[in-house]
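Here is model-v6.cif, consisting of mmCIF, C-alpha atoms:
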data_input
loop_
_atom_site.group_PDB
_atom_site.id
_atom_site.type_symbol
_atom_site.label_atom_id
_atom_site.label_comp_id
_atom_site.auth_asym_id
_atom_site.auth_seq_id
_atom_site.Cartn_x
_atom_site.Cartn_y
_atom_site.Cartn_z
ATOM 1 C CA MET C 1239 -27.545 -8.035 38.887
ATOM 2 C CA LYS C 1240 -27.335 -10.594 41.624
ATOM 3 C CA GLY C 1241 -24.278 -12.810 41.669
ATOM 4 C CA LYS C 1242 -22.444 -11.091 38.849
ATOM 5 C CA ILE C 1243 -19.259 -9.108 39.119
ATOM 6 C CA VAL C 1244 -19.876 -5.545 37.951
ATOM 7 C CA SER C 1245 -17.709 -2.485 37.796
ATOM 8 C CA VAL C 1246 -18.999 0.713 39.371
ATOM 9 C CA ASP C 1247 -17.759 4.244 38.879
ATOM 10 C CA LYS C 1248 -17.169 6.794 41.633
ATOM 11 C CA GLU C 1249 -20.838 7.411 42.410
ATOM 12 C CA GLY C 1250 -21.601 3.685 42.608
ATOM 13 C CA LYS C 1251 -23.509 3.498 39.327
ATOM 14 C CA THR C 1252 -22.895 0.640 36.954
ATOM 15 C CA ASP C 1253 -22.153 1.406 33.350
ATOM 16 C CA GLU C 1254 -24.280 -0.972 31.288
ATOM 17 C CA LYS C 1255 -21.933 -1.186 28.321
ATOM 18 C CA ASN C 1256 -18.464 -1.513 29.835
ATOM 19 C CA GLN C 1257 -18.646 -4.495 32.154
ATOM 20 C CA PRO C 1258 -15.503 -6.543 32.817
ATOM 21 C CA LEU C 1259 -15.250 -10.045 31.371
ATOM 22 C CA ASP C 1260 -16.017 -12.507 34.130
ATOM 23 C CA PHE C 1261 -13.350 -15.182 34.250
ATOM 24 C CA SER C 1262 -14.137 -16.388 37.757
ATOM 25 C CA ILE C 1263 -13.541 -20.052 38.439
ATOM 26 C CA THR C 1264 -16.812 -21.964 38.105
ATOM 27 C CA LYS C 1265 -17.686 -25.394 39.453
ATOM 28 C CA ALA C 1266 -16.885 -27.031 36.142
ATOM 29 C CA VAL C 1267 -13.418 -25.470 36.158
ATOM 30 C CA VAL C 1268 -12.764 -26.818 39.647
ATOM 31 C CA GLY C 1269 -13.902 -30.265 38.534
ATOM 32 C CA MET C 1270 -11.672 -30.118 35.483
ATOM 33 C CA LEU C 1271 -8.644 -29.012 37.499
ATOM 34 C CA PHE C 1272 -9.313 -31.783 39.999
ATOM 35 C CA ALA C 1273 -9.499 -34.352 37.187
ATOM 36 C CA ALA C 1274 -6.265 -33.004 35.733
ATOM 37 C CA PHE C 1275 -4.720 -33.299 39.191
ATOM 38 C CA ILE C 1276 -5.872 -36.927 39.487
ATOM 39 C CA GLY C 1277 -4.481 -37.703 36.045
ATOM 40 C CA LEU C 1278 -1.142 -36.070 36.796
ATOM 41 C CA TRP C 1279 -0.849 -37.879 40.099
ATOM 42 C CA LEU C 1280 -1.654 -41.271 38.514
ATOM 43 C CA PHE C 1281 0.755 -40.958 35.642
ATOM 44 C CA LEU C 1282 3.595 -39.266 37.489
ATOM 45 C CA SER C 1283 3.522 -41.940 40.177
ATOM 46 C CA MET C 1284 3.464 -44.570 37.445
ATOM 47 C CA SER C 1285 6.473 -43.085 35.692
ATOM 48 C CA ARG C 1286 8.294 -42.760 38.998
ATOM 49 C CA SER C 1287 7.809 -46.434 39.774
ATOM 50 C CA TYR C 1288 8.982 -47.286 36.269
ATOM 51 C CA LYS C 1289 12.162 -45.318 36.892
ATOM 52 C CA LYS C 1290 12.812 -47.298 40.044
ATOM 53 C CA THR C 1291 12.106 -50.826 38.854
ATOM 54 C CA GLY C 1292 12.672 -50.623 35.121
ATOM 55 C CA ILE C 1293 10.402 -51.692 32.311
ATOM 56 C CA SER C 1294 10.310 -55.356 33.247
ATOM 57 C CA HIS C 1295 7.987 -56.250 36.082
ATOM 58 C CA PRO C 1296 4.988 -53.972 36.674
ATOM 59 C CA LYS C 1297 3.570 -53.684 40.162
ATOM 60 C CA GLY C 1298 1.056 -51.419 41.801
ATOM 61 C CA ILE C 1299 -0.607 -48.701 39.786
ATOM 62 C CA GLN C 1300 1.433 -49.627 36.687
ATOM 63 C CA SER C 1301 -0.255 -52.992 36.305
ATOM 64 C CA PHE C 1302 -3.588 -51.208 36.194
ATOM 65 C CA LEU C 1303 -2.729 -48.429 33.762
ATOM 66 C CA GLU C 1304 -0.272 -50.183 31.485
ATOM 67 C CA PRO C 1305 -2.816 -52.489 29.767
ATOM 68 C CA VAL C 1306 -5.029 -49.476 29.080
ATOM 69 C CA ILE C 1307 -2.174 -47.490 27.569
ATOM 70 C CA LEU C 1308 -1.125 -50.466 25.465
ATOM 71 C CA PHE C 1309 -4.733 -50.885 24.414
ATOM 72 C CA VAL C 1310 -4.845 -47.280 23.185
ATOM 73 C CA ARG C 1311 -1.588 -47.827 21.318
ATOM 74 C CA ASP C 1312 -2.238 -51.250 19.822
ATOM 75 C CA ASP C 1313 -5.948 -51.093 19.124
ATOM 76 C CA ILE C 1314 -6.571 -47.428 18.422
ATOM 77 C CA ALA C 1315 -3.383 -45.748 17.249
ATOM 78 C CA ILE C 1316 -1.467 -48.361 15.250
ATOM 79 C CA PRO C 1317 -4.334 -49.915 13.232
ATOM 80 C CA ASN C 1318 -5.542 -46.493 12.160
ATOM 81 C CA ILE C 1319 -2.536 -44.203 11.869
ATOM 82 C CA GLY C 1320 0.005 -46.835 10.895
ATOM 83 C CA LYS C 1321 3.198 -48.136 12.420
ATOM 84 C CA HIS C 1322 5.476 -45.342 11.272
ATOM 85 C CA LYS C 1323 3.535 -42.241 12.153
ATOM 86 C CA TYR C 1324 1.575 -43.085 15.249
ATOM 87 C CA GLU C 1325 4.151 -41.950 17.793
ATOM 88 C CA LYS C 1326 3.650 -38.263 17.160
ATOM 89 C CA TYR C 1327 -0.028 -38.495 18.013
ATOM 90 C CA MET C 1328 0.124 -40.879 20.966
ATOM 91 C CA PRO C 1329 0.404 -38.135 23.634
ATOM 92 C CA TYR C 1330 -2.725 -36.430 22.332
ATOM 93 C CA LEU C 1331 -4.722 -39.649 22.036
ATOM 94 C CA LEU C 1332 -3.727 -40.824 25.500
ATOM 95 C CA THR C 1333 -4.470 -37.431 27.042
ATOM 96 C CA VAL C 1334 -7.876 -37.174 25.448
ATOM 97 C CA PHE C 1335 -8.780 -40.746 26.397
ATOM 98 C CA PHE C 1336 -7.884 -40.394 30.055
ATOM 99 C CA PHE C 1337 -9.223 -36.857 30.374
ATOM 100 C CA ILE C 1338 -12.630 -37.870 29.024
ATOM 101 C CA LEU C 1339 -12.635 -41.066 31.065
ATOM 102 C CA ILE C 1340 -11.740 -39.427 34.373
ATOM 103 C CA ASN C 1341 -14.211 -36.587 33.836
ATOM 104 C CA ASN C 1342 -17.008 -38.943 32.805
ATOM 105 C CA LEU C 1343 -16.463 -41.031 35.923
ATOM 106 C CA MET C 1344 -16.271 -37.976 38.150
ATOM 107 C CA GLY C 1345 -19.547 -36.710 36.721
ATOM 108 C CA LEU C 1346 -21.258 -39.757 38.186
ATOM 109 C CA VAL C 1347 -20.227 -39.099 41.788
ATOM 110 C CA PRO C 1348 -22.342 -36.410 43.510
ATOM 111 C CA PHE C 1349 -20.523 -36.034 46.868
ATOM 112 C CA PRO C 1350 -18.090 -34.613 48.213
ATOM 113 C CA PRO C 1351 -17.415 -31.156 46.750
ATOM 114 C CA PRO C 1352 -14.776 -31.616 44.078
ATOM 115 C CA PHE C 1353 -16.733 -34.539 42.644
ATOM 116 C CA GLY C 1354 -20.066 -32.852 42.079
ATOM 117 C CA ALA C 1355 -18.923 -31.090 38.913
ATOM 118 C CA ASN C 1356 -20.273 -31.936 35.472
ATOM 119 C CA VAL C 1357 -17.384 -31.392 33.084
ATOM 120 C CA THR C 1358 -17.978 -33.535 30.003
ATOM 121 C CA GLY C 1359 -21.680 -32.751 30.097
ATOM 122 C CA ASN C 1360 -20.780 -29.150 29.365
ATOM 123 C CA ILE C 1361 -20.916 -28.427 25.660
ATOM 124 C CA ALA C 1362 -18.172 -25.819 25.908
ATOM 125 C CA VAL C 1363 -15.717 -28.436 27.196
ATOM 126 C CA THR C 1364 -16.573 -30.970 24.503
ATOM 127 C CA PHE C 1365 -16.382 -28.168 21.945
ATOM 128 C CA VAL C 1366 -12.798 -27.477 22.979
ATOM 129 C CA LEU C 1367 -11.884 -31.172 22.847
ATOM 130 C CA ALA C 1368 -13.403 -31.534 19.393
ATOM 131 C CA SER C 1369 -11.631 -28.389 18.221
ATOM 132 C CA PHE C 1370 -8.321 -29.870 19.383
ATOM 133 C CA THR C 1371 -8.969 -32.861 17.154
ATOM 134 C CA PHE C 1372 -9.949 -30.519 14.338
ATOM 135 C CA LEU C 1373 -6.784 -28.425 14.672
ATOM 136 C CA ILE C 1374 -4.524 -31.460 14.886
ATOM 137 C CA THR C 1375 -6.011 -33.004 11.747
ATOM 138 C CA GLN C 1376 -5.801 -29.758 9.793
ATOM 139 C CA PHE C 1377 -2.234 -29.023 10.813
ATOM 140 C CA SER C 1378 -0.986 -32.510 10.008
ATOM 141 C CA GLY C 1379 -2.737 -32.772 6.688
ATOM 142 C CA ASN C 1380 -0.346 -33.680 3.907
ATOM 143 C CA LYS C 1381 -0.687 -33.015 0.205
ATOM 144 C CA ASN C 1382 -2.762 -36.164 -0.283
ATOM 145 C CA TYR C 1383 -5.341 -34.965 2.228
ATOM 146 C CA TRP C 1384 -5.832 -31.586 0.607
ATOM 147 C CA ARG C 1385 -5.927 -33.203 -2.810
ATOM 148 C CA HIS C 1386 -8.749 -35.462 -1.605
ATOM 149 C CA ILE C 1387 -10.689 -32.444 -0.495
ATOM 150 C CA PHE C 1388 -10.181 -30.066 -3.351
ATOM 151 C CA ALA C 1389 -9.760 -32.454 -6.265
ATOM 152 C CA THR C 1390 -11.197 -35.814 -5.201
ATOM 153 C CA PRO C 1391 -9.609 -38.395 -7.491
ATOM 154 C CA GLY C 1392 -12.002 -40.120 -9.821
ATOM 155 C CA VAL C 1393 -14.493 -37.251 -9.901
ATOM 156 C CA PRO C 1394 -15.146 -35.577 -13.315
ATOM 157 C CA PHE C 1395 -14.296 -31.892 -13.256
ATOM 158 C CA TRP C 1396 -17.850 -30.656 -13.738
ATOM 159 C CA LEU C 1397 -18.885 -32.258 -10.433
ATOM 160 C CA LEU C 1398 -16.140 -30.459 -8.515
ATOM 161 C CA PRO C 1399 -18.182 -27.298 -7.705
ATOM 162 C CA ILE C 1400 -20.542 -29.589 -5.791
ATOM 163 C CA MET C 1401 -17.886 -31.836 -4.268
ATOM 164 C CA ILE C 1402 -15.724 -29.068 -2.828
ATOM 165 C CA PRO C 1403 -18.408 -27.495 -0.575
ATOM 166 C CA VAL C 1404 -19.512 -30.978 0.469
ATOM 167 C CA GLU C 1405 -15.970 -31.897 1.438
ATOM 168 C CA LEU C 1406 -15.475 -28.610 3.277
ATOM 169 C CA ILE C 1407 -18.667 -29.175 5.232
ATOM 170 C CA GLY C 1408 -17.409 -32.689 5.958
ATOM 171 C CA ILE C 1409 -14.261 -31.240 7.541
ATOM 172 C CA ILE C 1410 -16.364 -29.224 9.970
ATOM 173 C CA SER C 1411 -19.132 -31.735 10.577
ATOM 174 C CA LYS C 1412 -16.925 -34.603 11.728
ATOM 175 C CA PRO C 1413 -15.501 -32.871 14.832
ATOM 176 C CA PHE C 1414 -18.950 -31.337 15.377
ATOM 177 C CA ALA C 1415 -20.397 -34.831 15.604
ATOM 178 C CA LEU C 1416 -17.658 -35.741 18.101
ATOM 179 C CA MET C 1417 -18.655 -32.812 20.263
ATOM 180 C CA ILE C 1418 -22.388 -33.513 20.173
ATOM 181 C CA ARG C 1419 -21.959 -37.248 20.708
ATOM 182 C CA LEU C 1420 -19.953 -36.912 23.905
ATOM 183 C CA PHE C 1421 -22.053 -34.067 25.303
ATOM 184 C CA ALA C 1422 -25.397 -35.713 24.587
ATOM 185 C CA ASN C 1423 -24.431 -39.147 25.891
ATOM 186 C CA ILE C 1424 -23.171 -37.836 29.204
ATOM 187 C CA THR C 1425 -25.963 -35.285 29.647
ATOM 188 C CA ALA C 1426 -28.648 -37.834 28.781
ATOM 189 C CA GLY C 1427 -27.297 -40.166 31.440
ATOM 190 C CA HIS C 1428 -27.302 -37.412 34.045
ATOM 191 C CA ILE C 1429 -30.845 -36.377 33.108
ATOM 192 C CA ILE C 1430 -32.095 -39.941 33.478
ATOM 193 C CA VAL C 1431 -30.528 -40.361 36.917
ATOM 194 C CA LEU C 1432 -31.822 -36.971 38.073
ATOM 195 C CA SER C 1433 -35.336 -37.696 36.801
ATOM 196 C CA LEU C 1434 -35.459 -41.054 38.554
ATOM 197 C CA ILE C 1435 -34.360 -39.499 41.839
ATOM 198 C CA CYS C 1436 -36.858 -36.660 41.421
ATOM 199 C CA LEU C 1437 -39.657 -39.220 41.099
ATOM 200 C CA ILE C 1438 -39.396 -39.578 44.860
ATOM 201 C CA PHE C 1439 -40.095 -35.890 45.287
ATOM 202 C CA ILE C 1440 -42.839 -35.783 42.688
ATOM 203 C CA PHE C 1441 -44.798 -38.568 44.339
ATOM 204 C CA GLU C 1442 -43.971 -37.154 47.783
ATOM 205 C CA SER C 1443 -43.976 -40.604 49.331
ATOM 206 C CA LEU C 1444 -41.146 -42.652 50.724
ATOM 207 C CA ALA C 1445 -42.550 -45.854 49.230
ATOM 208 C CA VAL C 1446 -41.272 -44.889 45.797
ATOM 209 C CA ALA C 1447 -37.723 -44.678 47.155
ATOM 210 C CA PRO C 1448 -36.651 -48.378 46.924
ATOM 211 C CA VAL C 1449 -37.918 -48.723 43.343
ATOM 212 C CA SER C 1450 -36.367 -45.451 42.350
ATOM 213 C CA ILE C 1451 -33.007 -46.228 43.940
ATOM 214 C CA LEU C 1452 -32.943 -49.636 42.270
ATOM 215 C CA PHE C 1453 -33.523 -48.082 38.885
ATOM 216 C CA VAL C 1454 -30.898 -45.443 39.608
ATOM 217 C CA ILE C 1455 -28.336 -48.130 40.458
ATOM 218 C CA PHE C 1456 -29.088 -49.898 37.201
ATOM 219 C CA MET C 1457 -28.834 -46.669 35.226
ATOM 220 C CA ASP C 1458 -25.556 -45.858 36.981
ATOM 221 C CA CYS C 1459 -24.097 -49.171 35.823
ATOM 222 C CA LEU C 1460 -25.183 -48.289 32.306
ATOM 223 C CA GLU C 1461 -23.596 -44.889 32.767
ATOM 224 C CA LEU C 1462 -20.345 -46.568 33.759
ATOM 225 C CA LEU C 1463 -20.382 -48.471 30.490
ATOM 226 C CA VAL C 1464 -21.203 -45.292 28.582
ATOM 227 C CA ALA C 1465 -18.327 -43.452 30.289
ATOM 228 C CA PHE C 1466 -15.753 -45.954 29.047
ATOM 229 C CA LEU C 1467 -17.406 -46.336 25.683
ATOM 230 C CA GLN C 1468 -17.578 -42.626 24.939
ATOM 231 C CA ALA C 1469 -13.943 -42.114 25.853
ATOM 232 C CA TYR C 1470 -13.031 -45.022 23.557
ATOM 233 C CA VAL C 1471 -15.206 -43.810 20.683
ATOM 234 C CA PHE C 1472 -13.910 -40.234 20.916
ATOM 235 C CA THR C 1473 -10.306 -41.429 20.860
ATOM 236 C CA LEU C 1474 -10.987 -43.915 18.076
ATOM 237 C CA LEU C 1475 -12.662 -41.347 15.859
ATOM 238 C CA SER C 1476 -9.908 -38.809 16.543
ATOM 239 C CA ALA C 1477 -7.345 -41.418 15.482
ATOM 240 C CA LEU C 1478 -9.429 -42.137 12.388
ATOM 241 C CA PHE C 1479 -9.565 -38.478 11.374
ATOM 242 C CA ILE C 1480 -5.828 -38.098 11.988
ATOM 243 C CA SER C 1481 -5.199 -41.186 9.860
ATOM 244 C CA LEU C 1482 -7.226 -39.661 7.022
ATOM 245 C CA ALA C 1483 -5.017 -36.597 7.217
ATOM 246 C CA VAL C 1484 -1.634 -38.346 7.198
ATOM 247 C CA GLU C 1485 -2.472 -41.195 4.856
ATOM 248 C CA GLU C 1486 -0.061 -41.867 2.022
ATOM 249 C CA HIS C 1487 -1.046 -42.422 -1.550
ATOM 250 C CA HIS C 1488 -1.600 -46.102 -2.327
ATOM 251 C CA MET O 645 -50.013 -28.259 21.312
ATOM 252 C CA THR O 646 -47.112 -26.270 22.660
ATOM 253 C CA GLY O 647 -43.550 -26.368 21.430
ATOM 254 C CA ALA O 648 -42.580 -28.586 24.333
ATOM 255 C CA THR O 649 -44.996 -31.282 23.137
ATOM 256 C CA PHE O 650 -43.459 -31.258 19.683
ATOM 257 C CA ALA O 651 -39.995 -31.465 21.163
ATOM 258 C CA ALA O 652 -40.985 -34.504 23.195
ATOM 259 C CA ILE O 653 -42.579 -36.166 20.146
ATOM 260 C CA GLY O 654 -39.458 -35.471 18.098
ATOM 261 C CA ALA O 655 -37.229 -36.988 20.758
ATOM 262 C CA GLY O 656 -39.427 -40.074 20.871
ATOM 263 C CA LEU O 657 -39.224 -40.517 17.093
ATOM 264 C CA ALA O 658 -35.458 -40.202 17.270
ATOM 265 C CA VAL O 659 -35.345 -42.973 19.836
ATOM 266 C CA ILE O 660 -37.415 -45.201 17.520
ATOM 267 C CA GLY O 661 -34.771 -44.711 14.834
ATOM 268 C CA ALA O 662 -31.943 -45.455 17.258
ATOM 269 C CA GLY O 663 -33.674 -48.563 18.566
ATOM 270 C CA LEU O 664 -34.231 -49.949 15.071
ATOM 271 C CA GLY O 665 -30.696 -49.188 13.976
ATOM 272 C CA ILE O 666 -28.969 -50.665 17.000
ATOM 273 C CA GLY O 667 -31.304 -53.659 16.904
ATOM 274 C CA ARG O 668 -30.254 -54.425 13.352
ATOM 275 C CA ILE O 669 -26.584 -54.004 14.215
ATOM 276 C CA GLY O 670 -26.990 -56.385 17.145
ATOM 277 C CA GLY O 671 -28.881 -58.864 15.003
ATOM 278 C CA SER O 672 -26.238 -59.014 12.291
ATOM 279 C CA ALA O 673 -23.562 -59.257 14.951
ATOM 280 C CA MET O 674 -25.352 -62.270 16.459
ATOM 281 C CA ASP O 675 -25.586 -63.918 13.041
ATOM 282 C CA ALA O 676 -21.928 -63.299 12.366
ATOM 283 C CA ILE O 677 -20.868 -64.649 15.767
ATOM 284 C CA ALA O 678 -23.034 -67.727 15.262
ATOM 285 C CA ARG O 679 -21.413 -68.302 11.906
ATOM 286 C CA GLN O 680 -17.838 -67.876 13.137
ATOM 287 C CA PRO O 681 -17.406 -68.011 16.916
ATOM 288 C CA GLU O 682 -13.641 -67.491 16.820
ATOM 289 C CA ALA O 683 -14.062 -63.935 15.473
ATOM 290 C CA THR O 684 -16.265 -62.949 18.419
ATOM 291 C CA THR O 685 -14.025 -60.225 19.865
ATOM 292 C CA LYS O 686 -13.541 -58.477 16.538
ATOM 293 C CA ILE O 687 -17.233 -58.575 15.765
ATOM 294 C CA GLN O 688 -18.081 -57.338 19.235
ATOM 295 C CA THR O 689 -15.695 -54.392 18.920
ATOM 296 C CA ALA O 690 -17.103 -53.426 15.537
ATOM 297 C CA MET O 691 -20.633 -53.744 16.865
ATOM 298 C CA ILE O 692 -19.932 -51.454 19.812
ATOM 299 C CA ILE O 693 -18.383 -48.840 17.552
ATOM 300 C CA ALA O 694 -21.272 -48.925 15.087
ATOM 301 C CA ALA O 695 -23.787 -48.759 17.942
ATOM 302 C CA ALA O 696 -22.053 -45.707 19.410
ATOM 303 C CA LEU O 697 -22.142 -43.966 16.034
ATOM 304 C CA VAL O 698 -25.843 -44.707 15.458
ATOM 305 C CA GLU O 699 -26.587 -43.545 18.972
ATOM 306 C CA GLY O 700 -24.642 -40.344 18.259
ATOM 307 C CA ALA O 701 -26.938 -39.655 15.332
ATOM 308 C CA ALA O 702 -30.030 -40.192 17.482
ATOM 309 C CA LEU O 703 -28.591 -37.937 20.174
ATOM 310 C CA PHE O 704 -28.350 -35.104 17.622
ATOM 311 C CA ALA O 705 -32.142 -35.142 17.583
ATOM 312 C CA ILE O 706 -32.289 -35.205 21.386
ATOM 313 C CA VAL O 707 -30.014 -32.174 21.552
ATOM 314 C CA VAL O 708 -32.163 -30.309 19.030
ATOM 315 C CA ALA O 709 -35.243 -31.201 21.065
ATOM 316 C CA MET O 710 -33.535 -29.922 24.215
ATOM 317 C CA ILE O 711 -32.618 -26.671 22.483
ATOM 318 C CA THR O 712 -36.045 -25.928 21.046
ATOM 319 C CA LYS O 713 -37.859 -26.831 24.264
#
Please rewrite the model in this file as structure tokens.
Amino acid sequence: MKGKIVSVDKEGKTDEKNQPLDFSITKAVVGMLFAAFIGLWLFLSMSRSYKKTGISHPKGIQSFLEPVILFVRDDIAIPNIGKHKYEKYMPYLLTVFFFILINNLMGLVPFPPPFGANVTGNIAVTFVLASFTFLITQFSGNKNYWRHIFATPGVPFWLLPIMIPVELIGIISKPFALMIRLFANITAGHIIVLSLICLIFIFESLAVAPVSILFVIFMDCLELLVAFLQAYVFTLLSALFISLAVEEHH
Amino acid sequence: MTGATFAAIGAGLAVIGAGLGIGRIGGSAMDAIARQPEATTKIQTAMIIAAALVEGAALFAIVVAMITK
């Protein structure tokens, strides 16, 4: 097959059933590694400048990132998870917020090579992010959480055979919705921009170009808003699910 | 009518639902802001969150349409 890595035996024939698993680095992986590199560079330089000047007076890249980090802490983590337990989950929430944000923004830039990758529009990537949220909520569930699922308080016992499957489906469907929401929003934006640019080629006339480019600029501004919004909504809903898992009995 | 036509019709119906839902959210948000202008930021935040969730539901249908087409 063209473009695939196959294993051949001594005569040069390929064995249909025993092909090696192809873990080659794809374009999405390069984009993801580049985004991780950008994130590491931003935050390591920020922490280095904090070490030099202390916590008092922010300058440079700190003054740009610090309000965002405080926003994630004060508006997403503390109101949902609570003042005593939010610190354990802050690294995850911050990572997921900035990872989704940087990858969304990078998906909008077509040139040069490391930028042309579509990471968050790939359902496998959003599946992994949603499964991280799923695993974190399941592993930090306390007795209250499991009691809500298997013996919802206030429900008469003869309704339980219906409630338990419903609750179990609810455990799976909430991260599933996270995955689909992020994937579909980003992919829909990319499809719209691509379709508007392709209008020029469909009509095969240069006169369509100014109209098309104007629309594309407008849609790109909308995409910018969607990039921030989807990162915020993903982080907010992750914090909400975590809060449901660690909530104490009233 | 081919399957692609049905997929396109389904996606269009989903967008009708999303438009109605987000329109209602925006309308109630406007009423609430008009009633109490000092709570504008809170109402705006809640509106954005609710709009993103409704849009997520509509995008389920878009994804299904993309898959079946």
With 3 Å added on each side, what axis-aligned box encloses every listed atom of stretch 687-697 of chain O? Give the centre and edge lengths in Å to one decimal, as AutoDock Vina command-line options.
--center_x -19.7 --center_y -51.3 --center_z 17.4 --size_x 14.1 --size_y 20.6 --size_z 10.7
Carefully work through the PyMOL selection byres ((chain O) within 7 of (chain C)) for this structure and note down the residues it includes, as number ranges by chain. O: 693, 700, 703-704, 707
Give me, please, the distance in Å between atom CA of C:Val1431 and atom CA of O:Met710, quoted to one decimal. 16.7 Å
Mind checking which residues fall within 9 Å of O:Gly661, counting all atoms listed in the file, ignoring those fewer than 5 positions away in the same chain, and posting them as a list in words? Gly656, Ile666, Val698 and Ala702 of chain O
Produce a file of the selected residues containing C-alpha atoms, as a tab-separated table (two decimals), keeping the file's coordinate frame.
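Here's the written file part24.tsv:
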chain	number	residue	atom	x	y	z
O	656	GLY	CA	-39.43	-40.07	20.87
O	666	ILE	CA	-28.97	-50.66	17.00
O	698	VAL	CA	-25.84	-44.71	15.46
O	702	ALA	CA	-30.03	-40.19	17.48
So that I can check the surroundings of C:Leu1437, please list as a list in words every protein, DNA and RNA residue that reaches within 8 Å of it, counting all atoms listed in the file and ignoring chain neighbours fewer than 3 positions away. Ser1433, Leu1434, Ile1440, Phe1441, Val1446 and Ser1450 of chain C
In Å, with one decimal, what is the gap from atom CA of C:Thr1371 to atom CA of C:Lys1412?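 Those two atoms sit 9.8 Å apart.
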Please work out which residues fall within 12 Å of (-9.5, -33.7, -2.0), coordinates as given in the file, with only C-alpha atoms counting, and return them as a list in words.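 Within the cut-off we find Gly1379, Asn1380, Lys1381, Asn1382, Tyr1383, Trp1384, Arg1385, His1386, Ile1387, Phe1388, Ala1389, Thr1390, Pro1391, Gly1392, Val1393, Leu1398, Met1401, Ile1402, Pro1403, Val1404, Glu1405, Leu1406, Gly1408, Ile1409, Leu1482 and Ala1483 of chain C.
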For each of O:Gln680, O:Ser672, O:Gln688, O:Thr712, take the minimum atom-to-atom distance to O:Ala655, counting all atoms listed in the file, then give the residue where this is smallest. O:Thr712
Any chance you could work out the residue set of the PyMOL selection byres ((chain C and resi 1372) around 9) here, as a VMD selection string? chain C and resid 1367 to 1371 1373 to 1377 1409 to 1410 1412 to 1413 1476 1479 to 1480
Work out how far apart atom CA of C:Phe1302 and atom CA of C:Ile1276 are and give it in Å to one decimal.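 Those two atoms sit 14.8 Å apart.
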Residue nearest C:Ile1316 among C:Met1284, C:Val1267, C:Ile1430, C:Met1328 (counting only C-alpha atoms): C:Met1328
Applying the PyMOL selection byres ((chain O and resi 713) around 10) to the file I just gave you, which residues come out? Please list them as an MDAnalysis selection string. chainID O and resid 646:652 707:712
Which residues are near C:Phe1336? Cut-off 10 Å, only C-alpha atoms, ignore same chain within fewer than 5 positions. Put them as a list in words.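 Result of the neighbour search: Ala1273, Ala1274, Gly1277, Val1306, Ile1307, Leu1331, Asn1341, Asn1342, Phe1466, Ala1469, Tyr1470 and Thr1473 of chain C.
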I'd like to know which of C:Asp1313, C:His1428, C:Pro1350, C:Glu1442 is closest to O:Lys686, using only C-alpha atoms. C:Asp1313
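Distances here use all atoms listed in the file; by that measure, the residue among O:Leu664, O:Ile669, O:Ile653, O:Ala705 closest to O:Thr689 is O:Ile669.
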Using only C-alpha atoms, which of C:Ile1319, C:Leu1303, C:Ala1465, C:Ile1435 sits nearest C:Gly1359? C:Ala1465
For a quick check of understanding, using all atoms listed in the file, which of C:Val1310, C:Met1344, C:Leu1259, C:Ile1429 has the smallest distance to C:Met1457? C:Ile1429
Could you name the residues that touch C:Pro1351 at 12 Å or less, counting only C-alpha atoms, but leaving out those on the same chain fewer than 4 positions away, as an MDAnalysis selection string? chainID C and resid 1265:1266 1268:1269 1272 1344:1345 1347 1355:1356
